[in-house]
>>> print(open('model_8.tsv').read())   # TSV, C-alpha atoms
chain	number	residue	atom	x	y	z
Y	1	MET	CA	-3.20	-25.22	29.40
Y	2	THR	CA	0.47	-25.06	30.28
Y	3	VAL	CA	2.45	-21.95	29.34
Y	4	GLY	CA	4.67	-22.48	26.31
Y	5	LEU	CA	6.41	-20.61	23.51
Y	6	GLU	CA	3.15	-19.33	22.00
Y	7	HIS	CA	2.14	-17.56	25.20
Y	8	PHE	CA	5.34	-15.54	25.27
Y	9	LEU	CA	5.04	-14.77	21.56
Y	10	ILE	CA	1.46	-13.55	21.96
Y	11	LEU	CA	2.43	-11.41	24.97
Y	12	SER	CA	5.21	-9.93	22.84
Y	13	ALA	CA	2.77	-9.29	19.96
Y	14	VAL	CA	0.29	-7.55	22.28
Y	15	LEU	CA	3.00	-5.30	23.73
Y	16	PHE	CA	4.33	-4.53	20.23
Y	17	CYS	CA	0.88	-3.49	18.99
Y	18	ILE	CA	0.26	-1.31	22.07
Y	19	GLY	CA	3.58	0.41	21.35
Y	20	LEU	CA	2.68	0.80	17.67
Y	21	TYR	CA	-0.67	2.35	18.57
Y	22	GLY	CA	1.09	4.77	20.91
Y	23	VAL	CA	3.65	5.78	18.27
Y	24	LEU	CA	0.91	6.44	15.74
Y	25	THR	CA	-1.49	8.37	18.00
Y	26	ARG	CA	0.49	10.28	20.62
Y	27	ARG	CA	1.71	13.81	19.88
Y	28	ASN	CA	4.23	14.24	22.69
Y	29	VAL	CA	7.63	13.23	21.30
Y	30	VAL	CA	8.87	11.90	24.65
Y	31	ILE	CA	5.85	9.57	24.80
Y	32	ILE	CA	6.59	8.45	21.23
Y	33	LEU	CA	10.15	7.60	22.34
Y	34	MET	CA	8.74	5.61	25.29
Y	35	CYS	CA	6.45	3.69	22.92
Y	36	ILE	CA	9.44	2.82	20.73
Y	37	GLU	CA	11.08	1.41	23.86
Y	38	ILE	CA	7.94	-0.69	24.52
Y	39	MET	CA	8.18	-2.10	20.99
Y	40	LEU	CA	11.89	-2.92	21.40
Y	41	ASN	CA	11.18	-4.69	24.69
Y	42	ALA	CA	8.37	-6.69	23.07
Y	43	VAL	CA	10.74	-7.91	20.36
Y	44	ASN	CA	13.33	-8.77	23.02
Y	45	ILE	CA	10.77	-10.91	24.87
Y	46	SER	CA	10.09	-12.93	21.74
Y	47	LEU	CA	13.83	-13.34	21.05
Y	48	VAL	CA	14.48	-14.60	24.58
Y	49	ALA	CA	11.49	-16.95	24.33
Y	50	PHE	CA	12.86	-18.38	21.07
Y	51	SER	CA	16.25	-18.73	22.72
Y	52	ARG	CA	14.69	-20.65	25.63
Y	53	TYR	CA	12.39	-22.95	23.66
Y	54	VAL	CA	13.98	-23.41	20.21
Y	55	THR	CA	17.75	-23.09	20.72
Y	56	PRO	CA	18.36	-23.58	24.47
Y	57	ALA	CA	21.87	-24.96	23.92
Y	58	VAL	CA	23.41	-22.10	21.90
Y	59	LEU	CA	21.39	-19.09	23.21
Y	60	GLN	CA	21.26	-17.45	19.77
Y	61	GLY	CA	18.32	-15.23	20.73
Y	62	GLN	CA	19.99	-13.90	23.86
Y	63	MET	CA	22.99	-12.80	21.78
Y	64	PHE	CA	20.69	-10.74	19.57
Y	65	VAL	CA	18.99	-9.23	22.63
Y	66	ILE	CA	22.35	-7.99	23.94
Y	67	PHE	CA	22.95	-6.07	20.71
Y	68	VAL	CA	19.35	-4.80	20.58
Y	69	ILE	CA	19.79	-3.37	24.10
Y	70	THR	CA	23.07	-1.70	23.04
Y	71	VAL	CA	21.48	-0.07	20.00
Y	72	ALA	CA	18.42	0.95	22.05
Y	73	ALA	CA	20.63	2.72	24.59
Y	74	ALA	CA	22.40	4.66	21.81
Y	75	GLU	CA	19.04	5.45	20.20
Y	76	VAL	CA	17.57	6.88	23.40
Y	77	ALA	CA	20.63	9.06	24.05
Y	78	VAL	CA	20.52	10.61	20.57
Y	79	GLY	CA	16.70	10.81	20.60
Y	80	ILE	CA	16.57	12.72	23.90
Y	81	ALA	CA	19.35	15.04	22.68
Y	82	MET	CA	17.36	15.80	19.53
Y	83	ILE	CA	14.15	16.39	21.49
Y	84	ILE	CA	15.85	18.83	23.86
Y	85	ALA	CA	17.59	20.64	20.98
Y	86	ILE	CA	14.28	21.05	19.10
Y	87	TYR	CA	12.50	22.10	22.30
Y	88	ARG	CA	15.11	24.78	22.88
Y	89	LYS	CA	14.47	26.22	19.43
Y	90	ARG	CA	10.68	25.84	19.16
Y	91	GLN	CA	9.47	25.74	22.80
Y	92	SER	CA	7.34	22.70	21.98
Y	93	ILE	CA	7.55	18.91	22.07
Y	94	ASN	CA	4.39	18.43	20.03
Y	95	ALA	CA	5.13	16.26	17.02
Y	96	ASP	CA	2.71	18.31	14.88
Y	97	THR	CA	4.94	21.39	15.18
Y	98	PHE	CA	8.05	19.54	13.97
Y	99	ASP	CA	7.57	20.52	10.33
Y	100	LEU	CA	11.09	21.67	9.50
Y	101	LEU	CA	11.37	19.13	6.70
Y	102	LYS	CA	7.89	19.78	5.28
Y	103	TRP	CA	7.54	21.85	2.13
D	1	MET	CA	3.99	-22.12	39.74
D	2	PHE	CA	5.66	-21.14	36.43
D	3	ASP	CA	2.22	-20.60	34.85
D	4	ILE	CA	0.96	-18.40	37.70
D	5	VAL	CA	4.10	-16.23	37.60
D	6	PHE	CA	3.80	-15.89	33.82
D	7	TRP	CA	0.16	-14.78	33.96
D	8	ILE	CA	0.83	-12.25	36.74
D	9	LEU	CA	3.80	-10.78	34.84
D	10	ALA	CA	1.87	-10.72	31.55
D	11	ILE	CA	-1.10	-8.89	33.07
D	12	ILE	CA	1.14	-6.32	34.79
D	13	ALA	CA	3.14	-5.82	31.58
D	14	ILE	CA	0.07	-5.17	29.43
D	15	ALA	CA	-1.46	-2.88	32.07
D	16	ALA	CA	1.78	-0.88	32.34
D	17	ALA	CA	2.08	-0.58	28.55
D	18	LEU	CA	-1.53	0.65	28.34
D	19	ALA	CA	-0.82	3.12	31.15
D	20	VAL	CA	2.13	4.55	29.18
D	21	ILE	CA	-0.05	5.42	26.19
D	22	LEU	CA	-3.23	6.39	28.07
D	23	LEU	CA	-2.10	8.44	31.11
D	24	LYS	CA	-2.35	12.21	30.75
D	25	ASP	CA	0.57	12.92	33.07
D	26	VAL	CA	3.86	12.35	31.23
D	27	PHE	CA	5.79	11.74	34.45
D	28	ARG	CA	3.37	8.99	35.52
D	29	ALA	CA	3.67	7.49	32.06
D	30	ALA	CA	7.44	7.38	32.57
D	31	LEU	CA	6.94	5.60	35.92
D	32	ALA	CA	4.64	3.06	34.22
D	33	LEU	CA	7.38	2.52	31.63
D	34	ILE	CA	9.87	1.75	34.43
D	35	LEU	CA	7.38	-0.78	35.85
D	36	LEU	CA	7.17	-2.35	32.39
D	37	PHE	CA	10.98	-2.62	32.22
D	38	LEU	CA	11.06	-4.35	35.62
D	39	VAL	CA	8.33	-6.79	34.56
D	40	VAL	CA	10.26	-7.60	31.37
D	41	ALA	CA	13.28	-8.38	33.57
D	42	GLY	CA	11.03	-10.78	35.50
D	43	ILE	CA	9.96	-12.42	32.24
D	44	TYR	CA	13.64	-12.92	31.34
D	45	LEU	CA	14.14	-14.57	34.74
D	46	ILE	CA	11.35	-17.12	34.22
D	47	LEU	CA	12.81	-17.80	30.75
D	48	SER	CA	16.09	-18.66	32.58
D	49	ALA	CA	17.97	-15.70	31.04
D	50	ASP	CA	19.52	-14.50	34.30
D	51	PHE	CA	22.32	-12.40	32.74
D	52	LEU	CA	19.88	-10.57	30.47
D	53	ALA	CA	17.55	-9.85	33.40
D	54	VAL	CA	20.39	-8.08	35.23
D	55	VAL	CA	21.40	-6.24	32.04
D	56	GLN	CA	17.78	-5.18	31.56
D	57	ILE	CA	17.63	-3.72	35.07
D	58	LEU	CA	21.02	-2.00	34.75
D	59	VAL	CA	20.56	-0.54	31.27
D	60	TYR	CA	16.82	0.07	31.05
D	61	VAL	CA	15.74	0.72	34.63
D	62	GLY	CA	19.04	2.34	35.58
D	63	ALA	CA	20.04	4.39	32.56
D	64	ILE	CA	17.37	4.70	29.88
D	65	SER	CA	14.55	5.55	32.30
D	66	ILE	CA	16.73	8.26	33.89
D	67	LEU	CA	17.36	9.73	30.44
D	68	ILE	CA	13.64	9.69	29.66
D	69	ILE	CA	12.74	11.31	33.00
D	70	VAL	CA	15.36	14.02	32.36
D	71	GLY	CA	13.77	14.54	28.96
D	72	VAL	CA	10.34	14.84	30.60
D	73	MET	CA	11.63	17.31	33.18
D	74	LEU	CA	13.43	19.54	30.67
D	75	THR	CA	10.32	19.96	28.55
D	76	HIS	CA	7.36	21.74	30.07
D	77	ASP	CA	3.67	20.83	30.34
D	78	VAL	CA	4.27	17.62	32.27
D	79	ALA	CA	0.78	17.31	33.74
D	80	HIS	CA	-1.25	17.49	30.51
D	81	GLY	CA	1.44	16.74	28.00
D	82	ASN	CA	0.01	13.59	26.46
D	83	PRO	CA	-2.71	14.68	24.01
D	84	PRO	CA	-4.00	12.18	21.47
D	85	GLY	CA	-3.41	12.89	17.81
D	86	LYS	CA	-5.89	12.96	14.95
D	87	LEU	CA	-5.19	9.44	13.69
D	88	ARG	CA	-6.82	7.44	16.48
D	89	LEU	CA	-9.19	5.28	14.45
D	90	PRO	CA	-6.77	4.42	11.59
D	91	ALA	CA	-4.04	3.71	14.14
D	92	LEU	CA	-6.37	1.43	16.10
D	93	ILE	CA	-7.33	-0.44	12.93
D	94	VAL	CA	-3.69	-0.86	11.87
D	95	SER	CA	-2.64	-2.06	15.34
D	96	VAL	CA	-5.50	-4.55	15.69
D	97	LEU	CA	-4.92	-5.90	12.16
D	98	LEU	CA	-1.21	-6.33	12.86
D	99	LEU	CA	-1.99	-8.03	16.18
D	100	GLY	CA	-4.41	-10.42	14.47
D	101	ALA	CA	-1.89	-11.26	11.75
D	102	LEU	CA	0.90	-11.83	14.29
D	103	VAL	CA	-1.23	-14.02	16.58
D	104	LEU	CA	-2.53	-16.04	13.62
D	105	THR	CA	0.99	-16.63	12.32
D	106	MET	CA	2.42	-17.47	15.73
D	107	THR	CA	-0.28	-19.96	16.66
D	108	SER	CA	-0.38	-21.70	13.28
D	109	THR	CA	3.38	-22.14	12.81
D	110	PRO	CA	4.71	-25.55	13.98
D	111	TRP	CA	7.68	-24.38	16.07
D	112	LEU	CA	10.57	-26.82	16.53
D	113	ILE	CA	10.48	-26.98	20.32
D	114	SER	CA	13.76	-28.34	21.67
D	115	LYS	CA	13.67	-30.82	24.52
D	116	LEU	CA	17.08	-29.80	25.86
D	117	PRO	CA	17.24	-28.26	29.34
D	118	PRO	CA	18.06	-24.53	29.37
D	119	GLN	CA	21.57	-23.27	30.03
D	120	GLU	CA	21.85	-22.12	33.64
D	121	PRO	CA	23.65	-19.93	34.67
D	122	THR	CA	24.13	-18.22	31.33
D	123	THR	CA	26.78	-15.60	32.09
D	124	ALA	CA	29.92	-17.67	31.38
D	125	PHE	CA	28.35	-19.17	28.27
D	126	ILE	CA	27.35	-15.75	26.91
D	127	GLY	CA	30.89	-14.49	27.49
D	128	GLU	CA	32.29	-17.44	25.56
D	129	ARG	CA	29.85	-16.90	22.71
D	130	LEU	CA	30.61	-13.17	22.55
D	131	PHE	CA	34.42	-13.32	22.65
D	132	GLY	CA	35.25	-16.93	21.75
D	133	PRO	CA	36.21	-18.25	18.30
D	134	GLY	CA	33.33	-18.21	15.83
D	135	GLY	CA	31.48	-15.86	18.11
D	136	PHE	CA	30.31	-12.27	17.97
D	137	LEU	CA	33.62	-10.44	18.36
D	138	LEU	CA	33.14	-8.16	15.32
D	139	PRO	CA	29.63	-7.02	16.41
D	140	VAL	CA	31.00	-6.33	19.90
D	141	GLU	CA	33.70	-4.07	18.44
D	142	MET	CA	31.15	-2.41	16.18
D	143	SER	CA	28.79	-1.74	19.08
D	144	ALA	CA	31.68	-0.04	20.91
D	145	VAL	CA	32.11	2.30	17.92
D	146	LEU	CA	28.34	2.78	17.75
D	147	LEU	CA	28.16	3.82	21.41
D	148	LEU	CA	31.06	6.25	20.95
D	149	THR	CA	29.33	7.76	17.92
D	150	ALA	CA	26.08	8.07	19.85
D	151	ILE	CA	27.82	9.87	22.73
D	152	LEU	CA	29.57	12.28	20.36
D	153	GLY	CA	26.36	12.82	18.38
D	154	ALA	CA	24.34	13.54	21.53
D	155	ILE	CA	26.95	16.08	22.72
D	156	VAL	CA	27.12	17.82	19.33
D	157	ILE	CA	23.32	18.00	19.00
D	158	MET	CA	22.83	19.29	22.56
D	159	ARG	CA	25.61	21.88	22.49
D	160	GLU	CA	24.58	25.53	22.78
D	161	LYS	CA	25.72	27.57	19.82
>>> encode(input="model_8.tsv", output="structure tokens")
Amino acid sequence: MTVGLEHFLILSAVLFCIGLYGVLTRRNVVIILMCIEIMLNAVNISLVAFSRYVTPAVLQGQMFVIFVITVAAAEVAVGIAMIIAIYRKRQSINADTFDLLKW
Amino acid sequence: MFDIVFWILAIIAIAAALAVILLKDVFRAALALILLFLVVAGIYLILSADFLAVVQILVYVGAISILIIVGVMLTHDVAHGNPPGKLRLPALIVSVLLLGALVLTMTSTPWLISKLPPQEPTTAFIGERLFGPGGFLLPVEMSAVLLLTAILGAIVIMREK
């Protein structure tokens, strides 16, 4: 069976679900951030696959991927800053101890 | 040839993603994440998205992974810092259900596969689409503001009182 659009989409779905499982189960906030990056990359793979197989002449998907990468870079910078600020205050990066907003 | 490269990249990508969530050592998980970013760049290359592959290596492998490793290094307990939470079974059920729904939808949808050859090389075309008339000039300007805001926000959050 020759590799087509569906193969890339299924690879992207598998990576997305691995990232989702990691976000839901891990307690280290840095690992949760890494899993969010896995999910973003999975979505990017599917966008590039659509761009290659559905709209190869206008590259619509690749345009979206450029902006997703931009937003992901901003997100990681702010996320790491928040993690380090909270770690400085609480001496922990365990998500269970981040209960500042709990009442 | 294309098929073999795809299967090799797919297997390495899934193994690296599993390593990120299963390894106990946070630093090794970060290295597995970098491997995943490189493999995704390879997948962009076989999808004839050469510009995006280079951007992926520059932004993800070059910048984001360095930020994540700095985050790992500045927080202690690197060797055993990846404990599982309490929600393992519900999370597994949710993930597998979502995977099943996604795969079912993707395989049953009749995609409109275009017969046109892919654009190659893509760099000049992407530049025209981004800055040309009817293109993405407003989002480009907005992403510049977004990046500036992110830099300022990161500095303000990190600053010692």
>>> residues_around(input="model_8.tsv", residues="Tyr44 of chain D", least_positions_apart="3", cutoff="10 Å", atoms="all atoms listed in the file", output="VMD selection string")
(chain Y and resid 44 to 45 48 to 49 52 62) or (chain D and resid 38 to 41 47 to 54 56)
>>> atom_distance(input="model_8.tsv", atom1="atom CA of Leu58 of chain D", atom2="atom CA of Phe37 of chain D")
10.4 Å
>>> residues_around(input="model_8.tsv", residues="segment 152-154 of chain D", least_positions_apart="6", cutoff="10 Å", atoms="all atoms listed in the file", output="compact mmCIF listing (two decimals) with C-alpha atoms, in the coordinates of the input")
# COMPACT_ATOMS: atom_id res chain seq x y z
CA ALA Y 74 22.40 4.66 21.81
CA GLU Y 75 19.04 5.45 20.20
CA VAL Y 76 17.57 6.88 23.40
CA ALA Y 77 20.63 9.06 24.05
CA VAL Y 78 20.52 10.61 20.57
CA GLY Y 79 16.70 10.81 20.60
CA ILE Y 80 16.57 12.72 23.90
CA ALA Y 81 19.35 15.04 22.68
CA MET Y 82 17.36 15.80 19.53
CA ALA Y 85 17.59 20.64 20.98
CA LEU D 146 28.34 2.78 17.75
>>> interface_residues(input="model_8.tsv", of="chain Y", to="chain D", cutoff="6 Å", atoms="all atoms listed in the file", output="VMD selection string")
chain Y and resid 3 17 21 to 22 24 to 28 53 to 54 56 74 78 81 85
>>> axis_aligned_box(input="model_8.tsv", around="segment 137-155 of chain D", padding_each_side="6 Å", output="AutoDock Vina command-line options")
--center_x 29.0 --center_y 2.8 --center_z 19.0 --size_x 21.4 --size_y 38.5 --size_z 19.4
>>> closest_residue(input="model_8.tsv", among="Y:Val58, Y:Ile32, Y:Glu37, Y:Lys102", to="Val61 of chain D", atoms="only C-alpha atoms")
Y:Glu37
>>> closest_residue(input="model_8.tsv", among="D:Ile8, D:Ala19, D:Ile66, D:Met73", to="Gly19 of chain Y", atoms="all atoms listed in the file")
D:Ala19
>>> atom_distance(input="model_8.tsv", atom1="atom CA of Val29 of chain Y", atom2="atom CA of Ile66 of chain Y")
26.0 Å
>>> atom_distance(input="model_8.tsv", atom1="atom CA of Ile36 of chain Y", atom2="atom CA of Val23 of chain Y")
7.0 Å
>>> residues_around(input="model_8.tsv", residues="Ser46 of chain Y", least_positions_apart="2", cutoff="10 Å", atoms="all atoms listed in the file", output="NGL selection string")
:Y and (5-13 or 41-44 or 48-52 or 61 or 65)
>>> closest_residue(input="model_8.tsv", among="D:Gly134, D:Leu45, D:Met1, D:Ala32", to="Thr2 of chain Y", atoms="all atoms listed in the file")
D:Met1
>>> build_atoms(input="model_8.tsv", residues="segment 18-51 of chain Y", atoms="N, CA and C atoms", output="compact mmCIF listing (two decimals), keeping the file's coordinate frame")
# COMPACT_ATOMS: atom_id res chain seq x y z
N ILE Y 18 0.54 -2.47 21.21
CA ILE Y 18 0.26 -1.31 22.07
C ILE Y 18 1.28 -0.22 21.79
N GLY Y 19 2.55 -0.59 21.65
CA GLY Y 19 3.58 0.41 21.35
C GLY Y 19 3.36 1.06 20.00
N LEU Y 20 2.94 0.24 19.01
CA LEU Y 20 2.68 0.80 17.67
C LEU Y 20 1.54 1.80 17.72
N TYR Y 21 0.45 1.42 18.45
CA TYR Y 21 -0.67 2.35 18.57
C TYR Y 21 -0.23 3.67 19.21
N GLY Y 22 0.61 3.56 20.25
CA GLY Y 22 1.09 4.77 20.91
C GLY Y 22 1.92 5.63 19.97
N VAL Y 23 2.82 5.00 19.20
CA VAL Y 23 3.65 5.78 18.27
C VAL Y 23 2.78 6.50 17.26
N LEU Y 24 1.72 5.83 16.80
CA LEU Y 24 0.91 6.44 15.74
C LEU Y 24 -0.02 7.52 16.28
N THR Y 25 -0.47 7.44 17.55
CA THR Y 25 -1.49 8.37 18.00
C THR Y 25 -0.97 9.49 18.89
N ARG Y 26 0.08 9.24 19.66
CA ARG Y 26 0.49 10.28 20.62
C ARG Y 26 1.14 11.45 19.89
N ARG Y 27 1.08 12.64 20.49
CA ARG Y 27 1.71 13.81 19.88
C ARG Y 27 2.92 14.30 20.65
N ASN Y 28 3.05 13.87 21.92
CA ASN Y 28 4.23 14.24 22.69
C ASN Y 28 5.41 13.37 22.26
N VAL Y 29 6.53 14.00 21.87
CA VAL Y 29 7.63 13.23 21.30
C VAL Y 29 8.27 12.32 22.34
N VAL Y 30 8.29 12.75 23.61
CA VAL Y 30 8.87 11.90 24.65
C VAL Y 30 8.04 10.63 24.80
N ILE Y 31 6.70 10.76 24.72
CA ILE Y 31 5.85 9.57 24.80
C ILE Y 31 6.10 8.66 23.59
N ILE Y 32 6.31 9.26 22.42
CA ILE Y 32 6.59 8.45 21.23
C ILE Y 32 7.88 7.65 21.45
N LEU Y 33 8.90 8.31 22.04
CA LEU Y 33 10.15 7.60 22.34
C LEU Y 33 9.91 6.45 23.32
N MET Y 34 9.06 6.69 24.33
CA MET Y 34 8.74 5.61 25.29
C MET Y 34 8.06 4.45 24.57
N CYS Y 35 7.16 4.76 23.62
CA CYS Y 35 6.45 3.69 22.92
C CYS Y 35 7.41 2.89 22.06
N ILE Y 36 8.44 3.56 21.48
CA ILE Y 36 9.44 2.82 20.73
C ILE Y 36 10.18 1.85 21.66
N GLU Y 37 10.44 2.31 22.90
CA GLU Y 37 11.08 1.41 23.86
C GLU Y 37 10.19 0.21 24.17
N ILE Y 38 8.86 0.44 24.29
CA ILE Y 38 7.94 -0.69 24.52
C ILE Y 38 8.06 -1.69 23.38
N MET Y 39 8.11 -1.18 22.13
CA MET Y 39 8.18 -2.10 20.99
C MET Y 39 9.49 -2.88 21.01
N LEU Y 40 10.61 -2.21 21.34
CA LEU Y 40 11.89 -2.92 21.40
C LEU Y 40 11.87 -4.01 22.47
N ASN Y 41 11.26 -3.69 23.63
CA ASN Y 41 11.18 -4.69 24.69
C ASN Y 41 10.32 -5.87 24.28
N ALA Y 42 9.24 -5.60 23.52
CA ALA Y 42 8.37 -6.69 23.07
C ALA Y 42 9.15 -7.63 22.17
N VAL Y 43 9.94 -7.06 21.25
CA VAL Y 43 10.74 -7.91 20.36
C VAL Y 43 11.75 -8.71 21.18
N ASN Y 44 12.35 -8.06 22.19
CA ASN Y 44 13.33 -8.77 23.02
C ASN Y 44 12.69 -9.96 23.72
N ILE Y 45 11.44 -9.79 24.21
CA ILE Y 45 10.77 -10.91 24.87
C ILE Y 45 10.65 -12.08 23.92
N SER Y 46 10.25 -11.81 22.66
CA SER Y 46 10.09 -12.93 21.74
C SER Y 46 11.43 -13.58 21.43
N LEU Y 47 12.50 -12.76 21.32
CA LEU Y 47 13.83 -13.34 21.05
C LEU Y 47 14.28 -14.24 22.19
N VAL Y 48 14.06 -13.78 23.44
CA VAL Y 48 14.48 -14.60 24.58
C VAL Y 48 13.63 -15.86 24.66
N ALA Y 49 12.34 -15.76 24.30
CA ALA Y 49 11.49 -16.95 24.33
C ALA Y 49 11.96 -17.96 23.28
N PHE Y 50 12.31 -17.47 22.08
CA PHE Y 50 12.86 -18.38 21.07
C PHE Y 50 14.14 -19.02 21.58
N SER Y 51 14.99 -18.21 22.21
CA SER Y 51 16.25 -18.73 22.72
C SER Y 51 16.01 -19.83 23.75
